[in-house]
Amino acid sequence: MKILLAVDGSSYTKKMLAYLATHEDIFHSDNAFTLVSIQAPLPPRARAAVGADIANGYYADESAKVTNPVIKFLARHGIEPKVVHKVGQAGEQIAKVAEAGKFDLVMMGSHGHSALGNLVMGSVATQVLAHCSVPVLLVR
């Protein structure tokens with residue numbers, strides 16, 4: 001099974017990894033794991049001021065801060081994931097990666113906001129569910 005793990009470095013990512021580690025039916029080396037980290041784009045003026053190379057370096061550095069601890073965690077369990085870094089709106093980008101990569105499952109942590117909280121603040125999980133035809137497992 002191809003599993004896409006959406007990670008953002010938050011405590012909700014840690015909860016998702018803890019869930020994964022306790023479910024051996026999902027968490028084994030026969031499955032192919034890919035990590036996806038999404039960085040918010042810099043404002044256009046800031047990107048123009050620093051240049052594309054510096055902006056791209058910034059995106060890579062920020063993504064590595066998020067994915068490196070997860071890579072180490074998975075390595076301790078004998079799993080070597082692929083890593084994908086994207087820039088843009090998180091929910092939309094996660095759904096695009098899931099569709100393009102023909103993944104069987106998307107796993108992600110969720111803040112668990114109420115319906116009113118989602119309406120006011122939005123939710124990456126809600127956006128992924130709205131844009132993605134791949135099954136999504138939300139861990140709260």
# chains A, B, ... in the order shown; residues from 1 in each chain; ligands from 1

call {"tool": "residues_around", "arguments": {"residues": "range 68-73 of chain A", "least_positions_apart": "5", "cutoff": "10 Å", "atoms": "only C-alpha atoms", "output": "VMD selection string"}}
result
chain A and resid 5 7 to 9 13 to 14 17 21 34 to 35 63 78 to 83

call {"tool": "select_by_dssp", "arguments": {"residues": "chain A", "states": "alpha helix (DSSP H)", "output": "ChimeraX atom specification"}}
result
/A:11-21,44-50,52-76,90-100,115-121,124-131

call {"tool": "select_by_dssp", "arguments": {"residues": "range 33-117 of chain A", "states": "strand (DSSP E or B)", "output": "PyMOL selection string"}}
result
chain A and resi 33-39+82-87+105-109

call {"tool": "residues_around", "arguments": {"residues": "Gln39 in chain A", "least_positions_apart": "2", "cutoff": "8 Å", "atoms": "only C-alpha atoms", "output": "PyMOL selection string"}}
result
chain A and resi 37+41+59+62-63+85-90

call {"tool": "closest_residue", "arguments": {"among": "A:Leu129, A:Val50, A:Val139, A:Ala75", "to": "Ile94 in chain A", "atoms": "only C-alpha atoms"}}
result
A:Leu129

call {"tool": "residues_around", "arguments": {"residues": "Ala32 in chain A", "least_positions_apart": "2", "cutoff": "7 Å", "atoms": "only C-alpha atoms", "output": "list in words"}}
result
Met1, Lys2, Ile3, Asp30 and Thr34 of chain A
